[in-house]
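Here is the structure we will look at.
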Number of protein chains: 2
Amino acid sequence: MLWSKPLISRLTRYLRVLRQLRSLGFAKVFSNNLGDAVGVSAAVVRKDFSAISIGGNKRGGYDIDYLIREITEILGKREPQEAVLVGCGRMGSAILQNKAIEKEDIRIVAGFDVEKEKVDHTAAVPIYHIAELKKIVRAQKVEVAVLTVPDENAQEVFERLLDAGVRGFLNFTSVPLKCPDAQLSDGCVVHHVNIGLELEILFYLVRAAKEGTLT
Amino acid sequence: MLWSKPLISRLTRYLRVLRQLRSLGFAKVFSNNLGDAVGVSAAVVRKDFSAISIGGNKRGGYDIDYLIREITEILGKREPQEAVLVGCGRMGSAILQNKAIEKEDIRIVAGFDVEKEKVDHTAAVPIYHIAELKKIVRAQKVEVAVLTVPDENAQEVFERLLDAGVRGFLNFTSVPLKCPDAQLSDGCVVHHVNIGLELEILFYLVRAAKEGTLT
């Protein structure tokens, strides 16, 4: 089947909530509860499930184990998924040391930095000099990277990662990186996390909501 | 006029790009360039502009100064916009010390932590004990907060902030905080930044794109 980015994003979110519910001992879930947890309407949940051929049971809700099995299957097999992080400054270190990120088989396997003093091969997540990036990324076949370098280095590091075979980027810089056309067909995706922009949007949303003009 | 969250989000993003273009000396911009920079199609840009009554000029592109003036006006007056941050651990400190966030009149004016050792009234962004949260937030009429506390404290801190008058939340915990119904009409909005979830989505997107099933 064909996927849109928002659909994959929602299915991943459903999966997270379903796993949490299962760990709490729940067996069934209704589309409106799942929608509430993910921030979409029950109709969207039902439409998404119907798109991936999951039938509903209006009486008792969906079976959680069944949903997890089906969504996992349709999203693809879950090998441990390994990422690297480039730029071990304050934000980068905070992410490397955040245990909460390493869920659902996701692991950050290496950090890279241009400063030799930051290199530490014995850390929980080893930190290498950036000169070793291509070698290590290729050897471990890493396809996803977190970018926490200063803005002025973002484009250069992005290109080095592309060259090493990375195709998915979580970009914490405020530089609007874009995959080159030549790599797009190769699975290149950039997600931006821009905290300043998120805050600016929040200010506008709060105002609009207060004025009663937010639909 | 009535606003949807995605529309406000896109207008804020256009505004950021337009300001960057202006600072580079550009005077005109085409809808397809602006769309590329924000990650939407030219048609969406034109539809958004038409929704806020900005007319196009197919020949020479849109006038950047005019766009900035109109979008700024429609999004509302730009007083300096002040936020607080709760939870001055690694992630919280990294955000407090990230100068790039303080753009476009956005300022984080105070940090709060439960640990007395973190209190530092003389820091660039002063850090207070959480016991002072309500007093300071109310006195400064702060309406937006960044939440970087451990998951187990998220709900409690969220409720304290609500009680102090905060209505916009940038939630870095993995707890799915939701505004209580009683506060929704009062402008309450929660945005989630979940780095683990973003990575998980990236892995799926890269795979789908590589398999050629991403639309």
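As shown in the structure tokens, the chain order sets the letters A, B, ...; within each chain, residues go from 1, and ligands are also counted from 1 in the order they appear.
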
inquiry  = Which residues are close to stretch 167-177 of chain B, i.e. within 7 Å by only C-alpha atoms, leaving aside same-chain residues fewer than 2 positions away? Reply as number ranges by chain.
reply    = A: 37, 202, 206; B: 143-151, 154-155, 162, 165, 179, 187-194

query = How would you write, as a PyMOL selection string, the set of residues in stretch 34-123 of chain A that DSSP gives as helix (DSSP H, G or I)?
reply = chain A and resi 34-38+42-51+64-75+90-96+99-101+116-118

8 Å contact set for B:Ile68, only C-alpha atoms, chain neighbours under 4 positions out, as a PyMOL selection string = chain B and resi 15+18-19+64+72

When you look at stretch 107-110 of chain B with a cut-off of 6 Å (counting only C-alpha atoms), what residues show up, excluding the ones that are within fewer than 5 positions of it in the same chain? I need them as a PDB file with N, CA, C and O atoms, in the first residue's frame.
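Once everything was written out, this is result_2.pdb:
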ATOM      1  N   GLU B  82       6.931  36.129  26.815  1.00  0.00           N
ATOM      2  CA  GLU B  82       7.734  35.580  27.890  1.00  0.00           C
ATOM      3  C   GLU B  82       7.252  34.205  28.313  1.00  0.00           C
ATOM      4  O   GLU B  82       6.057  33.982  28.486  1.00  0.00           O
ATOM      5  N   ALA B  83       8.222  33.302  28.460  1.00  0.00           N
ATOM      6  CA  ALA B  83       7.921  31.939  28.879  1.00  0.00           C
ATOM      7  C   ALA B  83       8.767  31.591  30.097  1.00  0.00           C
ATOM      8  O   ALA B  83       9.754  32.250  30.387  1.00  0.00           O
ATOM      9  N   VAL B  84       8.346  30.557  30.818  1.00  0.00           N
ATOM     10  CA  VAL B  84       9.197  29.998  31.884  1.00  0.00           C
ATOM     11  C   VAL B  84       9.521  28.559  31.518  1.00  0.00           C
ATOM     12  O   VAL B  84       8.906  27.978  30.609  1.00  0.00           O
ATOM     13  N   GLU B 102      15.973  32.486  21.596  1.00  0.00           N
ATOM     14  CA  GLU B 102      15.498  33.831  21.894  1.00  0.00           C
ATOM     15  C   GLU B 102      15.494  34.714  20.655  1.00  0.00           C
ATOM     16  O   GLU B 102      16.294  35.627  20.522  1.00  0.00           O
ATOM     17  N   VAL B 125      19.465  33.514  32.871  1.00  0.00           N
ATOM     18  CA  VAL B 125      18.048  33.278  33.143  1.00  0.00           C
ATOM     19  C   VAL B 125      17.987  32.774  34.590  1.00  0.00           C
ATOM     20  O   VAL B 125      18.456  31.672  34.878  1.00  0.00           O
ATOM     21  N   PRO B 126      17.455  33.583  35.513  1.00  0.00           N
ATOM     22  CA  PRO B 126      17.481  33.181  36.923  1.00  0.00           C
ATOM     23  C   PRO B 126      16.707  31.889  37.163  1.00  0.00           C
ATOM     24  O   PRO B 126      15.673  31.655  36.541  1.00  0.00           O
ATOM     25  N   ILE B 127      17.234  31.057  38.071  1.00  0.00           N
ATOM     26  CA  ILE B 127      16.568  29.799  38.395  1.00  0.00           C
ATOM     27  C   ILE B 127      16.063  29.875  39.837  1.00  0.00           C
ATOM     28  O   ILE B 127      16.827  30.164  40.755  1.00  0.00           O
TER      29      ILE B 127
END

task = Hey, list the chain A side of the contact with chain B: 8 Å cut-off, only C-alpha atoms, answer as JSON, numbers by chain.
result = {"A": [1, 2, 3, 4, 5, 8, 9, 12, 13, 37, 75, 76, 81, 90, 91, 93, 94, 95, 100, 101, 102, 103, 106, 144, 167, 168, 169, 170, 174, 176, 185, 186, 187, 188, 189, 191, 193, 195, 196, 197, 198, 199, 200, 201, 202, 203, 204, 205, 206, 207, 208, 209, 210, 211, 212, 213, 214, 215]}

message = Could you tell me how far atom CA of A:Lys134 sits from atom CA of A:Ala164, in Å to one decimal place?
response =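 Result for atom CA of A:Ala164 versus atom CA of A:Lys134: 4.9 Å, one decimal.
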
task = Mind checking which residues fall within 8 Å of A:Val45, counting only C-alpha atoms, ignoring those fewer than 2 positions away in the same chain, and posting them as a ChimeraX atom specification?
result = /A:31-32,34-35,40-43,47-49

key: Distance query A:Glu117 at most 12 Å, only C-alpha atoms, self and fewer than 4 positions along chain excluded, as a ChimeraX atom specification   = /A:88-89,112-113,121,127-129

Restrict the selected residues to all heavy atoms and save them as an mmCIF file, in the first residue's frame.
data_model
loop_
_atom_site.group_PDB
_atom_site.id
_atom_site.type_symbol
_atom_site.label_atom_id
_atom_site.label_comp_id
_atom_site.auth_asym_id
_atom_site.auth_seq_id
_atom_site.Cartn_x
_atom_site.Cartn_y
_atom_site.Cartn_z
ATOM 1 N N CYS A 88 28.055 17.182 20.146
ATOM 2 C CA CYS A 88 27.858 16.794 21.549
ATOM 3 C C CYS A 88 28.006 17.981 22.474
ATOM 4 O O CYS A 88 28.686 17.909 23.503
ATOM 5 C CB CYS A 88 28.827 15.670 21.909
ATOM 6 S SG CYS A 88 28.607 14.220 20.856
ATOM 7 N N GLY A 89 27.393 19.086 22.134
ATOM 8 C CA GLY A 89 27.320 20.243 23.029
ATOM 9 C C GLY A 89 26.235 19.996 24.068
ATOM 10 O O GLY A 89 25.907 18.858 24.370
ATOM 11 N N PHE A 112 29.231 12.105 17.754
ATOM 12 C CA PHE A 112 30.415 12.648 17.068
ATOM 13 C C PHE A 112 30.556 14.121 17.408
ATOM 14 O O PHE A 112 29.552 14.831 17.551
ATOM 15 C CB PHE A 112 30.283 12.486 15.549
ATOM 16 C CG PHE A 112 30.271 11.061 15.105
ATOM 17 C CD1 PHE A 112 29.062 10.392 14.955
ATOM 18 C CD2 PHE A 112 31.450 10.378 14.864
ATOM 19 C CE1 PHE A 112 29.040 9.053 14.564
ATOM 20 C CE2 PHE A 112 31.436 9.046 14.474
ATOM 21 C CZ PHE A 112 30.220 8.383 14.320
ATOM 22 N N ASP A 113 31.799 14.545 17.520
ATOM 23 C CA ASP A 113 32.029 15.966 17.752
ATOM 24 C C ASP A 113 33.345 16.369 17.099
ATOM 25 O O ASP A 113 34.236 15.539 16.898
ATOM 26 C CB ASP A 113 32.050 16.290 19.244
ATOM 27 C CG ASP A 113 31.718 17.754 19.493
ATOM 28 O OD1 ASP A 113 32.617 18.608 19.343
ATOM 29 O OD2 ASP A 113 30.542 18.046 19.804
ATOM 30 N N HIS A 121 35.641 7.177 24.114
ATOM 31 C CA HIS A 121 35.231 5.870 23.586
ATOM 32 C C HIS A 121 34.639 4.965 24.657
ATOM 33 O O HIS A 121 34.046 3.949 24.344
ATOM 34 C CB HIS A 121 36.424 5.164 22.931
ATOM 35 C CG HIS A 121 36.936 5.894 21.720
ATOM 36 N ND1 HIS A 121 37.947 5.428 20.930
ATOM 37 C CD2 HIS A 121 36.557 7.069 21.166
ATOM 38 C CE1 HIS A 121 38.184 6.282 19.948
ATOM 39 N NE2 HIS A 121 37.356 7.280 20.078
ATOM 40 N N ILE A 127 31.703 8.514 22.196
ATOM 41 C CA ILE A 127 31.781 9.740 21.396
ATOM 42 C C ILE A 127 33.083 9.710 20.602
ATOM 43 O O ILE A 127 34.162 9.556 21.173
ATOM 44 C CB ILE A 127 31.699 10.983 22.296
ATOM 45 C CG1 ILE A 127 30.329 10.991 23.005
ATOM 46 C CG2 ILE A 127 31.897 12.261 21.478
ATOM 47 C CD1 ILE A 127 30.158 12.111 23.999
ATOM 48 N N TYR A 128 32.958 9.850 19.285
ATOM 49 C CA TYR A 128 34.115 9.799 18.392
ATOM 50 C C TYR A 128 34.377 11.160 17.775
ATOM 51 O O TYR A 128 33.480 12.017 17.717
ATOM 52 C CB TYR A 128 33.861 8.798 17.255
ATOM 53 C CG TYR A 128 33.548 7.408 17.731
ATOM 54 C CD1 TYR A 128 32.234 6.961 17.831
ATOM 55 C CD2 TYR A 128 34.575 6.520 18.063
ATOM 56 C CE1 TYR A 128 31.941 5.679 18.266
ATOM 57 C CE2 TYR A 128 34.295 5.238 18.503
ATOM 58 C CZ TYR A 128 32.976 4.821 18.597
ATOM 59 O OH TYR A 128 32.693 3.552 19.032
ATOM 60 N N HIS A 129 35.594 11.323 17.276
ATOM 61 C CA HIS A 129 35.884 12.535 16.524
ATOM 62 C C HIS A 129 35.171 12.456 15.174
ATOM 63 O O HIS A 129 34.996 11.379 14.605
ATOM 64 C CB HIS A 129 37.392 12.700 16.296
ATOM 65 C CG HIS A 129 37.722 14.040 15.718
ATOM 66 N ND1 HIS A 129 37.934 14.241 14.375
ATOM 67 C CD2 HIS A 129 37.828 15.261 16.313
ATOM 68 C CE1 HIS A 129 38.179 15.526 14.169
ATOM 69 N NE2 HIS A 129 38.124 16.164 15.329
#

Computed interatomic separation between atom CA of A:Val114 and atom CA of A:Arg138 (Å) =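 Value for the atom CA of A:Val114-atom CA of A:Arg138 distance: 18.6 Å.
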
Using only C-alpha atoms, determine which residues lie at most 10 Å from A:Ile54, disregarding the query and same-chain residues fewer than 3 positions distant; provide the list as a PDB file with N, CA and C atoms, in the first residue's frame.
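Ended up saving to out.pdb:
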ATOM      1  N   ARG A  46     -10.656   5.610  13.149  1.00  0.00           N
ATOM      2  CA  ARG A  46     -11.373   4.541  12.433  1.00  0.00           C
ATOM      3  C   ARG A  46     -11.014   4.527  10.955  1.00  0.00           C
ATOM      4  N   LYS A  47     -10.851   5.723  10.371  1.00  0.00           N
ATOM      5  CA  LYS A  47     -10.470   5.812   8.958  1.00  0.00           C
ATOM      6  C   LYS A  47      -9.082   5.209   8.750  1.00  0.00           C
ATOM      7  N   ASP A  48      -8.143   5.550   9.648  1.00  0.00           N
ATOM      8  CA  ASP A  48      -6.782   5.002   9.542  1.00  0.00           C
ATOM      9  C   ASP A  48      -6.814   3.481   9.650  1.00  0.00           C
ATOM     10  N   PHE A  49      -7.555   2.959  10.613  1.00  0.00           N
ATOM     11  CA  PHE A  49      -7.607   1.508  10.803  1.00  0.00           C
ATOM     12  C   PHE A  49      -8.243   0.839   9.596  1.00  0.00           C
ATOM     13  N   SER A  50      -9.256   1.484   9.067  1.00  0.00           N
ATOM     14  CA  SER A  50      -9.898   0.889   7.904  1.00  0.00           C
ATOM     15  C   SER A  50      -8.944   0.917   6.704  1.00  0.00           C
ATOM     16  N   ALA A  51      -8.114   1.965   6.616  1.00  0.00           N
ATOM     17  CA  ALA A  51      -7.130   2.048   5.520  1.00  0.00           C
ATOM     18  C   ALA A  51      -6.127   0.910   5.593  1.00  0.00           C
ATOM     19  N   ASN A  57     -15.015  -3.043  16.117  1.00  0.00           N
ATOM     20  CA  ASN A  57     -16.062  -3.754  16.828  1.00  0.00           C
ATOM     21  C   ASN A  57     -16.684  -2.732  17.746  1.00  0.00           C
ATOM     22  N   TYR A  62     -11.649  -2.100  20.247  1.00  0.00           N
ATOM     23  CA  TYR A  62     -10.645  -2.889  19.540  1.00  0.00           C
ATOM     24  C   TYR A  62      -9.813  -3.702  20.530  1.00  0.00           C
ATOM     25  N   TYR A  66      -4.279  -7.377  19.247  1.00  0.00           N
ATOM     26  CA  TYR A  66      -4.499  -7.489  17.802  1.00  0.00           C
ATOM     27  C   TYR A  66      -4.024  -6.227  17.078  1.00  0.00           C
ATOM     28  N   LEU A  67      -4.384  -5.068  17.626  1.00  0.00           N
ATOM     29  CA  LEU A  67      -3.971  -3.801  17.001  1.00  0.00           C
ATOM     30  C   LEU A  67      -2.449  -3.695  16.954  1.00  0.00           C
ATOM     31  N   GLU A  70      -1.053  -6.023  14.288  1.00  0.00           N
ATOM     32  CA  GLU A  70      -1.341  -5.583  12.918  1.00  0.00           C
ATOM     33  C   GLU A  70      -0.540  -4.333  12.536  1.00  0.00           C
ATOM     34  N   ILE A  71      -0.516  -3.350  13.443  1.00  0.00           N
ATOM     35  CA  ILE A  71       0.183  -2.099  13.112  1.00  0.00           C
ATOM     36  C   ILE A  71       1.684  -2.352  13.014  1.00  0.00           C
TER      37      ILE A  71
END

request  = Extract the full set of strand (DSSP E or B) residues from stretch 9-153 of chain B according to DSSP on the backbone, and format it as a PyMOL selection string.
outcome  = chain B and resi 28-29+62-63+81-86+106-113+120+127-129+144-147
